[in-house]
Amino acid sequence: MKKPVMFCMRMSSTMRDVLRIAAEKDHRSVTSLLHKIISDYLEEAGFALTQNGAAERRKVSKEEVFLPVRTQLHPDEELNTSPQD
């Protein structure tokens, strides 16, 4: 999604700190979290985020990625999960 416009705002340091904590919890940057919060609010209020009447779409489709994972459930137990060929 193209984001050519910069928007600046003032907020309390407490709000900034809470936003950082919320963003980390959601594995996002603060900017990404603010974008999501604003997008969700606008969508709920009935404003469509479209450009020239067409929804913005990813130009390149996402590729599925499978990575091997090793999970330790208990100190003596191990569960290996790998993509099956």
# chains A, B, ... in the order shown; residues from 1 in each chain; ligands from 1
>>> residues_around(residues="stretch 12-22 of chain A", least_positions_apart="3", cutoff="10 Å", atoms="only C-alpha atoms", output="ChimeraX atom specification")
/A:25-31,33-34
>>> atom_distance(atom1="atom CA of A:Phe47", atom2="atom CA of A:Lys62")
26.7 Å
>>> atom_distance(atom1="atom CA of A:Ser39", atom2="atom CA of A:Cys8")
16.6 Å
>>> atom_distance(atom1="atom CA of A:Met9", atom2="atom CA of A:Asp40")
18.9 Å
